[in-house]
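A.B. asks: Supplied structure: run_10.pdb, PDB, C-alpha atoms and all ligand atoms.
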ATOM      1  CA  MET R  10       8.774  14.587  -9.007  1.00  0.00           C
ATOM      2  CA  LYS R  11      12.044  14.556  -7.142  1.00  0.00           C
ATOM      3  CA  SER R  12      11.287  11.930  -4.514  1.00  0.00           C
ATOM      4  CA  ILE R  13       8.572   9.296  -4.239  1.00  0.00           C
ATOM      5  CA  ALA R  14       7.758   6.778  -1.503  1.00  0.00           C
ATOM      6  CA  ASP R  15       5.903   3.523  -2.156  1.00  0.00           C
ATOM      7  CA  ILE R  16       4.446   1.998   0.999  1.00  0.00           C
ATOM      8  CA  HIS R  17       2.247  -0.707  -0.517  1.00  0.00           C
ATOM      9  CA  CYS R  18       3.873  -3.161  -2.940  1.00  0.00           C
ATOM     10  CA  HIS R  19       4.598  -6.836  -3.425  1.00  0.00           C
ATOM     11  CA  LEU R  20       8.170  -6.786  -4.718  1.00  0.00           C
ATOM     12  CA  LEU R  21       9.685  -9.438  -2.455  1.00  0.00           C
ATOM     13  CA  ALA R  22      10.040 -12.795  -4.180  1.00  0.00           C
ATOM     14  CA  TYR R  23       8.503 -16.104  -3.073  1.00  0.00           C
ATOM     15  CA  VAL R  24       6.382 -14.733  -0.217  1.00  0.00           C
ATOM     16  CA  ASP R  25       2.943 -14.072  -1.753  1.00  0.00           C
ATOM     17  CA  ASP R  26       1.387 -13.478  -5.184  1.00  0.00           C
ATOM     18  CA  GLY R  27       3.929 -10.712  -5.894  1.00  0.00           C
ATOM     19  CA  ALA R  28       7.347 -11.286  -7.523  1.00  0.00           C
ATOM     20  CA  GLU R  29       7.587 -14.926  -8.561  1.00  0.00           C
ATOM     21  CA  HIS R  30      11.365 -15.092  -8.416  1.00  0.00           C
ATOM     22  CA  THR R  31      14.413 -13.009  -7.571  1.00  0.00           C
ATOM     23  CA  ALA R  32      14.865 -11.648 -11.108  1.00  0.00           C
ATOM     24  CA  GLU R  33      11.363 -10.155 -11.017  1.00  0.00           C
ATOM     25  CA  MET R  34      12.056  -8.522  -7.696  1.00  0.00           C
ATOM     26  CA  GLU R  35      15.316  -7.078  -9.027  1.00  0.00           C
ATOM     27  CA  GLU R  36      13.652  -5.812 -12.209  1.00  0.00           C
ATOM     28  CA  MET R  37      10.984  -4.000 -10.191  1.00  0.00           C
ATOM     29  CA  LEU R  38      13.496  -2.514  -7.745  1.00  0.00           C
ATOM     30  CA  THR R  39      15.514  -1.162 -10.684  1.00  0.00           C
ATOM     31  CA  SER R  40      12.362   0.238 -12.257  1.00  0.00           C
ATOM     32  CA  GLN R  41      11.389   1.941  -8.987  1.00  0.00           C
ATOM     33  CA  ALA R  42      14.824   3.617  -8.788  1.00  0.00           C
ATOM     34  CA  GLU R  43      14.455   4.853 -12.389  1.00  0.00           C
ATOM     35  CA  GLN R  44      11.133   6.456 -11.406  1.00  0.00           C
ATOM     36  CA  ASN R  45      12.649   8.338  -8.438  1.00  0.00           C
ATOM     37  CA  VAL R  46      11.121   6.054  -5.842  1.00  0.00           C
ATOM     38  CA  GLU R  47      13.517   6.570  -2.948  1.00  0.00           C
ATOM     39  CA  VAL R  48      11.625   4.862  -0.135  1.00  0.00           C
ATOM     40  CA  ILE R  49       9.936   1.463  -0.405  1.00  0.00           C
ATOM     41  CA  CYS R  50       8.028  -0.446   2.243  1.00  0.00           C
ATOM     42  CA  PHE R  51       7.371  -4.027   1.133  1.00  0.00           C
ATOM     43  CA  THR R  52       3.942  -5.278   2.189  1.00  0.00           C
ATOM     44  CA  PRO R  53       3.542  -9.027   1.551  1.00  0.00           C
ATOM     45  CA  HIS R  54       0.026 -10.374   2.081  1.00  0.00           C
ATOM     46  CA  LEU R  55      -0.914 -12.282   5.195  1.00  0.00           C
ATOM     47  CA  ARG R  56      -4.173 -14.175   4.801  1.00  0.00           C
ATOM     48  CA  THR R  57      -5.290 -17.430   6.392  1.00  0.00           C
ATOM     49  CA  LYS R  58      -4.869 -20.464   4.116  1.00  0.00           C
ATOM     50  CA  MET R  59      -3.908 -18.275   1.168  1.00  0.00           C
ATOM     51  CA  PHE R  60      -0.802 -16.215   1.944  1.00  0.00           C
ATOM     52  CA  THR R  61       0.926 -17.721   4.930  1.00  0.00           C
ATOM     53  CA  SER R  62       4.595 -16.685   4.778  1.00  0.00           C
ATOM     54  CA  SER R  63       5.966 -16.023   8.248  1.00  0.00           C
ATOM     55  CA  ASP R  64       7.608 -12.741   9.230  1.00  0.00           C
ATOM     56  CA  ASP R  65      10.921 -14.669   9.279  1.00  0.00           C
ATOM     57  CA  ASP R  66      10.373 -15.684   5.622  1.00  0.00           C
ATOM     58  CA  ILE R  67       9.762 -12.023   4.828  1.00  0.00           C
ATOM     59  CA  TYR R  68      12.937 -10.862   6.573  1.00  0.00           C
ATOM     60  CA  ARG R  69      15.025 -13.439   4.694  1.00  0.00           C
ATOM     61  CA  ARG R  70      13.792 -12.054   1.361  1.00  0.00           C
ATOM     62  CA  PHE R  71      14.152  -8.506   2.647  1.00  0.00           C
ATOM     63  CA  VAL R  72      17.874  -9.107   3.214  1.00  0.00           C
ATOM     64  CA  GLN R  73      18.174 -10.269  -0.412  1.00  0.00           C
ATOM     65  CA  ALA R  74      16.501  -7.066  -1.587  1.00  0.00           C
ATOM     66  CA  GLU R  75      18.828  -4.974   0.566  1.00  0.00           C
ATOM     67  CA  GLU R  76      21.874  -6.761  -0.865  1.00  0.00           C
ATOM     68  CA  PHE R  77      20.677  -6.118  -4.416  1.00  0.00           C
ATOM     69  CA  VAL R  78      20.084  -2.425  -3.715  1.00  0.00           C
ATOM     70  CA  ARG R  79      23.523  -2.068  -2.087  1.00  0.00           C
ATOM     71  CA  ARG R  80      25.361  -3.995  -4.810  1.00  0.00           C
ATOM     72  CA  ASN R  81      23.799  -1.869  -7.544  1.00  0.00           C
ATOM     73  CA  GLN R  82      24.014   1.369  -5.564  1.00  0.00           C
ATOM     74  CA  LEU R  83      20.334   2.123  -6.061  1.00  0.00           C
ATOM     75  CA  PRO R  84      19.323   5.230  -4.086  1.00  0.00           C
ATOM     76  CA  ILE R  85      16.453   3.506  -2.278  1.00  0.00           C
ATOM     77  CA  ARG R  86      15.810   3.062   1.437  1.00  0.00           C
ATOM     78  CA  LEU R  87      13.960  -0.171   2.195  1.00  0.00           C
ATOM     79  CA  TYR R  88      11.437  -0.971   4.917  1.00  0.00           C
ATOM     80  CA  VAL R  89       9.102  -3.831   5.568  1.00  0.00           C
ATOM     81  CA  GLY R  90       5.524  -4.295   6.741  1.00  0.00           C
ATOM     82  CA  ARG R  91       2.600  -6.488   5.743  1.00  0.00           C
ATOM     83  CA  GLU R  92      -0.825  -6.233   4.158  1.00  0.00           C
ATOM     84  CA  TYR R  93      -3.196  -7.875   6.628  1.00  0.00           C
ATOM     85  CA  TYR R  94      -6.440  -9.388   5.445  1.00  0.00           C
ATOM     86  CA  CYS R  95      -9.160  -8.568   7.968  1.00  0.00           C
ATOM     87  CA  ASP R  96     -10.797 -11.699   9.357  1.00  0.00           C
ATOM     88  CA  GLU R  97     -11.111 -13.511  12.674  1.00  0.00           C
ATOM     89  CA  SER R  98      -7.473 -14.561  12.748  1.00  0.00           C
ATOM     90  CA  PHE R  99      -6.392 -10.949  12.192  1.00  0.00           C
ATOM     91  CA  LEU R 100      -8.437  -9.926  15.246  1.00  0.00           C
ATOM     92  CA  LYS R 101      -6.699 -12.663  17.273  1.00  0.00           C
ATOM     93  CA  ARG R 102      -3.373 -11.341  16.076  1.00  0.00           C
ATOM     94  CA  LEU R 103      -4.322  -7.836  17.216  1.00  0.00           C
ATOM     95  CA  GLU R 104      -5.098  -9.248  20.630  1.00  0.00           C
ATOM     96  CA  PHE R 105      -2.202 -11.665  21.083  1.00  0.00           C
ATOM     97  CA  GLY R 106       0.603 -10.022  19.074  1.00  0.00           C
ATOM     98  CA  GLY R 107       2.703 -11.009  16.081  1.00  0.00           C
ATOM     99  CA  ILE R 108       2.008  -7.853  14.103  1.00  0.00           C
ATOM    100  CA  LEU R 109       4.452  -6.318  11.647  1.00  0.00           C
ATOM    101  CA  THR R 110       3.726  -2.602  11.324  1.00  0.00           C
ATOM    102  CA  LEU R 111       4.706  -0.467   8.340  1.00  0.00           C
ATOM    103  CA  GLY R 112       8.387   0.277   8.727  1.00  0.00           C
ATOM    104  CA  GLY R 113       8.225  -0.445  12.460  1.00  0.00           C
ATOM    105  CA  GLY R 114       6.000   2.601  13.116  1.00  0.00           C
ATOM    106  CA  ASP R 115       2.410   2.593  14.379  1.00  0.00           C
ATOM    107  CA  ALA R 116       0.581   2.029  11.098  1.00  0.00           C
ATOM    108  CA  LEU R 117      -0.939  -1.192   9.770  1.00  0.00           C
ATOM    109  CA  LEU R 118      -1.914  -1.757   6.155  1.00  0.00           C
ATOM    110  CA  ILE R 119      -5.232  -3.623   6.172  1.00  0.00           C
ATOM    111  CA  GLU R 120      -7.378  -5.005   3.356  1.00  0.00           C
ATOM    112  CA  PHE R 121     -10.925  -6.322   3.311  1.00  0.00           C
ATOM    113  CA  SER R 122     -13.076  -8.866   1.577  1.00  0.00           C
ATOM    114  CA  SER R 123     -14.920  -7.482  -1.442  1.00  0.00           C
ATOM    115  CA  ARG R 124     -18.051  -8.947   0.188  1.00  0.00           C
ATOM    116  CA  TYR R 125     -17.824  -6.837   3.370  1.00  0.00           C
ATOM    117  CA  ASP R 126     -20.296  -4.012   3.777  1.00  0.00           C
ATOM    118  CA  THR R 127     -19.199  -0.603   5.073  1.00  0.00           C
ATOM    119  CA  ASP R 128     -20.274  -1.380   8.656  1.00  0.00           C
ATOM    120  CA  THR R 129     -18.033  -4.448   8.743  1.00  0.00           C
ATOM    121  CA  ILE R 130     -15.074  -2.557   7.272  1.00  0.00           C
ATOM    122  CA  CYS R 131     -15.539   0.259   9.805  1.00  0.00           C
ATOM    123  CA  GLU R 132     -15.648  -2.262  12.626  1.00  0.00           C
ATOM    124  CA  TYR R 133     -12.247  -3.723  11.575  1.00  0.00           C
ATOM    125  CA  ILE R 134     -10.844  -0.188  11.360  1.00  0.00           C
ATOM    126  CA  ARG R 135     -12.060   0.615  14.871  1.00  0.00           C
ATOM    127  CA  ARG R 136     -10.703  -2.663  16.278  1.00  0.00           C
ATOM    128  CA  THR R 137      -7.304  -1.950  14.705  1.00  0.00           C
ATOM    129  CA  GLU R 138      -7.229   1.512  16.226  1.00  0.00           C
ATOM    130  CA  GLN R 139      -8.396   0.259  19.620  1.00  0.00           C
ATOM    131  CA  ALA R 140      -5.474  -2.176  19.588  1.00  0.00           C
ATOM    132  CA  GLY R 141      -3.147   0.824  19.364  1.00  0.00           C
ATOM    133  CA  TYR R 142      -2.379   0.940  15.636  1.00  0.00           C
ATOM    134  CA  LEU R 143      -3.013   3.492  12.905  1.00  0.00           C
ATOM    135  CA  PRO R 144      -5.167   1.727  10.277  1.00  0.00           C
ATOM    136  CA  LEU R 145      -4.234   2.430   6.646  1.00  0.00           C
ATOM    137  CA  ALA R 146      -7.070   1.091   4.474  1.00  0.00           C
ATOM    138  CA  ALA R 147      -5.605  -0.490   1.324  1.00  0.00           C
ATOM    139  CA  HIS R 148      -6.942   0.439  -2.144  1.00  0.00           C
ATOM    140  CA  VAL R 149     -10.372   1.612  -0.939  1.00  0.00           C
ATOM    141  CA  GLU R 150     -11.580   2.076  -4.525  1.00  0.00           C
ATOM    142  CA  ARG R 151     -11.615  -1.681  -5.044  1.00  0.00           C
ATOM    143  CA  TYR R 152     -14.326  -2.631  -2.537  1.00  0.00           C
ATOM    144  CA  PRO R 153     -17.839  -2.525  -4.002  1.00  0.00           C
ATOM    145  CA  ALA R 154     -19.349  -1.151  -0.762  1.00  0.00           C
ATOM    146  CA  ILE R 155     -16.862   1.725  -0.597  1.00  0.00           C
ATOM    147  CA  GLY R 156     -16.761   2.428  -4.327  1.00  0.00           C
ATOM    148  CA  ALA R 157     -20.500   3.116  -4.095  1.00  0.00           C
ATOM    149  CA  GLY R 158     -19.813   6.706  -3.111  1.00  0.00           C
ATOM    150  CA  VAL R 159     -17.670   9.333  -1.457  1.00  0.00           C
ATOM    151  CA  ASP R 160     -19.806   9.149   1.700  1.00  0.00           C
ATOM    152  CA  GLN R 161     -18.618   5.592   2.257  1.00  0.00           C
ATOM    153  CA  VAL R 162     -14.986   6.723   2.234  1.00  0.00           C
ATOM    154  CA  LYS R 163     -15.854   9.469   4.712  1.00  0.00           C
ATOM    155  CA  ARG R 164     -17.268   6.805   7.013  1.00  0.00           C
ATOM    156  CA  LEU R 165     -13.931   4.953   6.947  1.00  0.00           C
ATOM    157  CA  ILE R 166     -12.138   8.189   7.816  1.00  0.00           C
ATOM    158  CA  ASP R 167     -14.596   8.843  10.660  1.00  0.00           C
ATOM    159  CA  ALA R 168     -13.896   5.328  11.936  1.00  0.00           C
ATOM    160  CA  GLY R 169     -10.205   6.255  12.168  1.00  0.00           C
ATOM    161  CA  ALA R 170      -8.700   5.098   8.857  1.00  0.00           C
ATOM    162  CA  ARG R 171      -6.121   6.695   6.651  1.00  0.00           C
ATOM    163  CA  ILE R 172      -6.980   6.182   2.993  1.00  0.00           C
ATOM    164  CA  GLN R 173      -4.756   4.568   0.345  1.00  0.00           C
ATOM    165  CA  ILE R 174      -5.552   4.250  -3.366  1.00  0.00           C
ATOM    166  CA  ASN R 175      -3.624   2.493  -6.138  1.00  0.00           C
ATOM    167  CA  ALA R 176      -1.643   4.237  -8.888  1.00  0.00           C
ATOM    168  CA  GLY R 177      -3.052   1.793 -11.447  1.00  0.00           C
ATOM    169  CA  SER R 178      -6.615   2.786 -10.548  1.00  0.00           C
ATOM    170  CA  LEU R 179      -5.805   6.488 -10.964  1.00  0.00           C
ATOM    171  CA  LEU R 180      -4.262   5.775 -14.351  1.00  0.00           C
ATOM    172  CA  GLY R 181      -7.330   3.875 -15.545  1.00  0.00           C
ATOM    173  CA  ARG R 182      -5.846   0.384 -15.522  1.00  0.00           C
ATOM    174  CA  GLU R 183      -8.755  -0.956 -13.480  1.00  0.00           C
ATOM    175  CA  GLY R 184     -11.460   0.615 -15.621  1.00  0.00           C
ATOM    176  CA  LEU R 185     -13.129   3.985 -15.988  1.00  0.00           C
ATOM    177  CA  ARG R 186     -15.352   3.717 -12.913  1.00  0.00           C
ATOM    178  CA  GLN R 187     -12.461   3.220 -10.476  1.00  0.00           C
ATOM    179  CA  LYS R 188     -10.416   5.881 -12.257  1.00  0.00           C
ATOM    180  CA  LEU R 189     -13.111   8.552 -11.947  1.00  0.00           C
ATOM    181  CA  PHE R 190     -13.788   7.598  -8.339  1.00  0.00           C
ATOM    182  CA  CYS R 191     -10.091   7.914  -7.427  1.00  0.00           C
ATOM    183  CA  TRP R 192      -9.711  11.349  -9.030  1.00  0.00           C
ATOM    184  CA  LYS R 193     -12.825  12.485  -7.214  1.00  0.00           C
ATOM    185  CA  LEU R 194     -11.401  11.335  -3.866  1.00  0.00           C
ATOM    186  CA  LEU R 195      -8.120  13.066  -4.619  1.00  0.00           C
ATOM    187  CA  LYS R 196      -9.847  16.334  -5.550  1.00  0.00           C
ATOM    188  CA  LEU R 197     -11.871  16.219  -2.332  1.00  0.00           C
ATOM    189  CA  GLY R 198      -8.678  15.775  -0.306  1.00  0.00           C
ATOM    190  CA  LEU R 199      -9.774  12.383   1.026  1.00  0.00           C
ATOM    191  CA  VAL R 200      -6.676  10.454  -0.089  1.00  0.00           C
ATOM    192  CA  ASP R 201      -3.716  10.129   2.266  1.00  0.00           C
ATOM    193  CA  VAL R 202      -1.501   7.843   0.207  1.00  0.00           C
ATOM    194  CA  VAL R 203      -1.125   6.756  -3.414  1.00  0.00           C
ATOM    195  CA  ALA R 204       0.921   3.555  -3.713  1.00  0.00           C
ATOM    196  CA  SER R 205       1.813   1.157  -6.519  1.00  0.00           C
ATOM    197  CA  ASP R 206       0.501  -2.145  -5.085  1.00  0.00           C
ATOM    198  CA  ALA R 207       2.870  -3.560  -7.739  1.00  0.00           C
ATOM    199  CA  HIS R 208       2.884  -7.346  -8.075  1.00  0.00           C
ATOM    200  CA  ASP R 209       4.967  -8.071 -11.182  1.00  0.00           C
ATOM    201  CA  PRO R 210       6.878  -6.229 -13.920  1.00  0.00           C
ATOM    202  CA  LYS R 211       4.291  -6.837 -16.626  1.00  0.00           C
ATOM    203  CA  TYR R 212       0.653  -6.883 -15.550  1.00  0.00           C
ATOM    204  CA  ARG R 213       0.751  -4.912 -12.290  1.00  0.00           C
ATOM    205  CA  PRO R 214       4.069  -3.045 -12.553  1.00  0.00           C
ATOM    206  CA  PRO R 215       5.374  -0.217 -10.367  1.00  0.00           C
ATOM    207  CA  ILE R 216       4.141   2.953 -12.132  1.00  0.00           C
ATOM    208  CA  LEU R 217       4.401   5.685  -9.526  1.00  0.00           C
ATOM    209  CA  GLY R 218       6.607   7.855 -11.781  1.00  0.00           C
ATOM    210  CA  GLU R 219       3.907   8.102 -14.434  1.00  0.00           C
ATOM    211  CA  CYS R 220       1.273   8.528 -11.751  1.00  0.00           C
ATOM    212  CA  ALA R 221       3.209  11.378 -10.111  1.00  0.00           C
ATOM    213  CA  ARG R 222       3.359  13.250 -13.419  1.00  0.00           C
ATOM    214  CA  LYS R 223      -0.407  12.858 -13.887  1.00  0.00           C
ATOM    215  CA  ILE R 224      -1.190  14.084 -10.371  1.00  0.00           C
ATOM    216  CA  GLU R 225       1.170  17.043 -10.782  1.00  0.00           C
ATOM    217  CA  THR R 226      -0.485  18.008 -14.069  1.00  0.00           C
ATOM    218  CA  LYS R 227      -4.061  17.683 -12.868  1.00  0.00           C
ATOM    219  CA  MET R 228      -3.781  18.607  -9.198  1.00  0.00           C
ATOM    220  CA  GLY R 229      -0.503  20.482  -8.798  1.00  0.00           C
ATOM    221  CA  GLN R 230       2.865  19.728  -7.283  1.00  0.00           C
ATOM    222  CA  ALA R 231       1.798  20.209  -3.662  1.00  0.00           C
ATOM    223  CA  CYS R 232      -0.882  17.530  -3.904  1.00  0.00           C
ATOM    224  CA  ALA R 233       1.508  15.062  -5.545  1.00  0.00           C
ATOM    225  CA  GLN R 234       4.124  15.648  -2.886  1.00  0.00           C
ATOM    226  CA  LYS R 235       1.579  15.136  -0.117  1.00  0.00           C
ATOM    227  CA  VAL R 236       0.209  11.760  -1.268  1.00  0.00           C
ATOM    228  CA  LEU R 237       3.457  10.368  -2.720  1.00  0.00           C
ATOM    229  CA  TRP R 238       6.024  11.582  -0.219  1.00  0.00           C
ATOM    230  CA  ASP R 239       5.004  13.592   2.864  1.00  0.00           C
ATOM    231  CA  ASN R 240       2.125  11.405   4.053  1.00  0.00           C
ATOM    232  CA  PRO R 241       3.803   8.035   3.299  1.00  0.00           C
ATOM    233  CA  LEU R 242       6.898   9.125   5.250  1.00  0.00           C
ATOM    234  CA  GLN R 243       4.764  10.285   8.151  1.00  0.00           C
ATOM    235  CA  ILE R 244       2.988   6.920   8.181  1.00  0.00           C
ATOM    236  CA  LEU R 245       6.365   5.165   8.275  1.00  0.00           C
ATOM    237  CA  SER R 246       7.298   7.493  11.165  1.00  0.00           C
ATOM    238  CA  LEU R 247      10.340   8.746   9.230  1.00  0.00           C
TER     239      LEU R 247
HETATM  240 FE    FE M 301      -1.565  -5.272  -2.031  1.00  0.00          FE
END
As structure tokens - that is how I would like this structure written.
Ligand SMILES: [Fe+2]

C.D. replies:
Amino acid sequence: MKSIADIHCHLLAYVDDGAEHTAEMEEMLTSQAEQNVEVICFTPHLRTKMFTSSDDDIYRRFVQAEEFVRRNQLPIRLYVGREYYCDESFLKRLEFGGILTLGGGDALLIEFSSRYDTDTICEYIRRTEQAGYLPLAAHVERYPAIGAGVDQVKRLIDAGARIQINAGSLLGREGLRQKLFCWKLLKLGLVDVVASDAHDPKYRPPILGECARKIETKMGQACAQKVLWDNPLQILSL
């Protein structure tokens, strides 16, 4: 594929459980460029007592990433957002401010506890939308309640969510069950965005190039372009 956008990844160093140091970040940025990823939105976790980097911390690391890309003339445009864990403090944030949207647009990447049932997840989606944001539900295949069936994903869509799945799940790196579920969602046209959710160069690397080839082969070029370029750019308001 000519151009790919990755709007869910943990490439920035020192801010969450993504890149552990600058060299890892640089290795992953270089790898992304080699795979024709031309647009990246970094999405460091924000979760009470677990991932607590401030937006200022994120921007400091973002500047480092920009410098590396410029110095090495990598053809990548960089943006920043966050991956918000849905809990009480997230709801307070929705009410009182301090939200970093994806690329400064309207969309918020949100993730859920694996213990939440579908009703709870839908309620967070509705609250996000009511606060004026477009909810992008992160890696829906990973939640037991949602992975139970296609109908559960449809409920998230009805509640107002856009749907994101991980490249690694599509490629079978998270087991056969998640792989089959993801291909089913894609075939039914229920997926808005495929992203890398990359965390490190070795165990959870950026693999959107390989993923794009697989989607093109199995689903056709138009589908690949939609979930890996058109929709991600629309969500970033580009
Ligand atoms: Fe993530």

A.B. asks: Please, which residues in chain R fall within 8 Å of ligand FE 301 (chain M) when counting all atoms listed in the file, and what is the closest atom pair and distance in Å to one decimal for each, ordered by chain then residue number, as a tab-separated table?

C.D. replies:
residue	atom	partner	partner_atom	distance
R:His17	CA	M:FE301	FE	6.1
R:Cys18	CA	M:FE301	FE	5.9
R:His19	CA	M:FE301	FE	6.5
R:Thr52	CA	M:FE301	FE	6.9
R:Pro53	CA	M:FE301	FE	7.3
R:His54	CA	M:FE301	FE	6.7
R:Glu92	CA	M:FE301	FE	6.3
R:Glu120	CA	M:FE301	FE	7.9
R:Ala147	CA	M:FE301	FE	7.1
R:His148	CA	M:FE301	FE	7.8
R:Asp206	CA	M:FE301	FE	4.8
R:Ala207	CA	M:FE301	FE	7.4
R:His208	CA	M:FE301	FE	7.8

A.B. asks: Could you give me, as a list in words, the residues that have an atom at most 12 Å away from the point (-11.2, -9.9, 10.8) in the coordinates of the file, using all atoms listed in the file?

C.D. replies: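 Taken together, the residues in range are Leu55, Arg56, Thr57, Tyr93, Tyr94, Cys95, Asp96, Glu97, Ser98, Phe99, Leu100, Lys101, Arg102, Leu103, Glu104, Ile119, Glu120, Phe121, Ser122, Tyr125, Thr129, Ile130, Cys131, Glu132, Tyr133, Ile134, Arg135, Arg136 and Thr137 of chain R.
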
A.B. asks: The selected residues should be written to file as a PDB file, in the coordinates of the input (atoms: C-alpha atoms).

C.D. replies:
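Produced file selection00.pdb, reproduced below:
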ATOM      1  CA  LEU R  55      -0.914 -12.282   5.195  1.00  0.00           C
ATOM      2  CA  ARG R  56      -4.173 -14.175   4.801  1.00  0.00           C
ATOM      3  CA  THR R  57      -5.290 -17.430   6.392  1.00  0.00           C
ATOM      4  CA  TYR R  93      -3.196  -7.875   6.628  1.00  0.00           C
ATOM      5  CA  TYR R  94      -6.440  -9.388   5.445  1.00  0.00           C
ATOM      6  CA  CYS R  95      -9.160  -8.568   7.968  1.00  0.00           C
ATOM      7  CA  ASP R  96     -10.797 -11.699   9.357  1.00  0.00           C
ATOM      8  CA  GLU R  97     -11.111 -13.511  12.674  1.00  0.00           C
ATOM      9  CA  SER R  98      -7.473 -14.561  12.748  1.00  0.00           C
ATOM     10  CA  PHE R  99      -6.392 -10.949  12.192  1.00  0.00           C
ATOM     11  CA  LEU R 100      -8.437  -9.926  15.246  1.00  0.00           C
ATOM     12  CA  LYS R 101      -6.699 -12.663  17.273  1.00  0.00           C
ATOM     13  CA  ARG R 102      -3.373 -11.341  16.076  1.00  0.00           C
ATOM     14  CA  LEU R 103      -4.322  -7.836  17.216  1.00  0.00           C
ATOM     15  CA  GLU R 104      -5.098  -9.248  20.630  1.00  0.00           C
ATOM     16  CA  ILE R 119      -5.232  -3.623   6.172  1.00  0.00           C
ATOM     17  CA  GLU R 120      -7.378  -5.005   3.356  1.00  0.00           C
ATOM     18  CA  PHE R 121     -10.925  -6.322   3.311  1.00  0.00           C
ATOM     19  CA  SER R 122     -13.076  -8.866   1.577  1.00  0.00           C
ATOM     20  CA  TYR R 125     -17.824  -6.837   3.370  1.00  0.00           C
ATOM     21  CA  THR R 129     -18.033  -4.448   8.743  1.00  0.00           C
ATOM     22  CA  ILE R 130     -15.074  -2.557   7.272  1.00  0.00           C
ATOM     23  CA  CYS R 131     -15.539   0.259   9.805  1.00  0.00           C
ATOM     24  CA  GLU R 132     -15.648  -2.262  12.626  1.00  0.00           C
ATOM     25  CA  TYR R 133     -12.247  -3.723  11.575  1.00  0.00           C
ATOM     26  CA  ILE R 134     -10.844  -0.188  11.360  1.00  0.00           C
ATOM     27  CA  ARG R 135     -12.060   0.615  14.871  1.00  0.00           C
ATOM     28  CA  ARG R 136     -10.703  -2.663  16.278  1.00  0.00           C
ATOM     29  CA  THR R 137      -7.304  -1.950  14.705  1.00  0.00           C
TER      30      THR R 137
END

A.B. asks: Please expand the PyMOL selection byres (((chain R and resi 38-47) around 6) and not hetatm) into the concrete residues it hits in this file, giving the result as a PyMOL selection string.

C.D. replies: chain R and resi 12-14+35-37+48+85+218

A.B. asks: Keeping only C-alpha atoms, write the selected residues to a file as a compact mmCIF listing (two decimals), in the frame of the given file.

C.D. replies:
# COMPACT_ATOMS: atom_id res chain seq x y z
CA SER R 12 11.29 11.93 -4.51
CA ILE R 13 8.57 9.30 -4.24
CA ALA R 14 7.76 6.78 -1.50
CA GLU R 35 15.32 -7.08 -9.03
CA GLU R 36 13.65 -5.81 -12.21
CA MET R 37 10.98 -4.00 -10.19
CA VAL R 48 11.62 4.86 -0.14
CA ILE R 85 16.45 3.51 -2.28
CA GLY R 218 6.61 7.86 -11.78

A.B. asks: Would you compute the distance between atom CA of Thr61 of chain R and atom CA of Leu111 of chain R? Give it in Å to one decimal.

C.D. replies: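 According to the coordinates, atom CA of Thr61 of chain R and atom CA of Leu111 of chain R are separated by 18.0 Å.
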
A.B. asks: Between atom CA of Val203 of chain R and atom CA of Asp15 of chain R, what distance in Å does the model show, to one decimal?

C.D. replies: 7.8 Å

A.B. asks: Could you list, as a VMD selection string, every residue matched by the PyMOL selection byres (((chain R and resi 142) around 10) and not hetatm) in this structure?

C.D. replies: chain R and resid 103 108 110 114 to 118 134 to 141 143 to 145

A.B. asks: Any chance you could work out the residue set of the PyMOL selection byres (((chain R and resi 181-186) around 12) and not hetatm) here, as a ChimeraX atom specification?

C.D. replies: /R:148,150-151,153,156-158,174-180,187-193,205,212-214,216,220,223

A.B. asks: My list of candidates is R:Arg164, R:Lys58, R:Lys227, R:Arg79. Which is closest to Lys196 of chain R when distances are computed with all atoms listed in the file?

C.D. replies: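 Selected residue with least distance to Lys196 of chain R: R:Lys227.
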
A.B. asks: (-2.1, 5.9, -0.8) in this file's frame - what residues fall within 7 Å of it? Use all atoms listed in the file and give the answer as a VMD selection string.

C.D. replies: chain R and resid 172 to 175 200 to 204 236

A.B. asks: Quick one: distance from atom CA of Ala221 of chain R to atom CA of Ala233 of chain R in Å, one decimal?

C.D. replies: 6.1 Å

A.B. asks: Name the residues in contact with Tyr23 of chain R at a cut-off of 10 Å, using only C-alpha atoms, excluding same-chain residues fewer than 2 positions from it; report them as a ChimeraX atom specification.

C.D. replies: /R:20-21,25-31,34,53,62,66-67,70

A.B. asks: Can you tell me, as AutoDock Vina command-line options, the centre and edge lengths (Å, one decimal) of the axis-aligned box enclosing all of segment 99-111 of chain R's listed atoms after padding each side by 5 Å?

C.D. replies:
--center_x -1.9 --center_y -6.6 --center_z 14.7 --size_x 23.1 --size_y 22.2 --size_z 22.7

A.B. asks: Pick out the closest residue to Val89 of chain R from this set: R:Gly107, R:Gly229, R:Gly112, R:Pro215. Count all atoms listed in the file.

C.D. replies: R:Gly112

A.B. asks: Nearest residue to Ser63 of chain R out of R:Ala32, R:Leu109, R:Leu217, R:Glu76, using all atoms listed in the file?

C.D. replies: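 When distances to Ser63 of chain R are compared using all atoms listed in the file, the smallest one comes from R:Leu109.
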
A.B. asks: Which residue out of R:Glu225, R:Asp209, R:Asp128, R:Glu33 has the minimum interatomic distance to Ile155 of chain R when all atoms listed in the file are used?

C.D. replies: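 Answer, going by the shortest atom-to-atom distance: R:Asp128.
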
A.B. asks: I need the residue nearest Met228 of chain R from this list: R:Leu194, R:Ala22, R:Asp126, R:Val162. Use all atoms listed in the file for the distance.

C.D. replies: R:Leu194
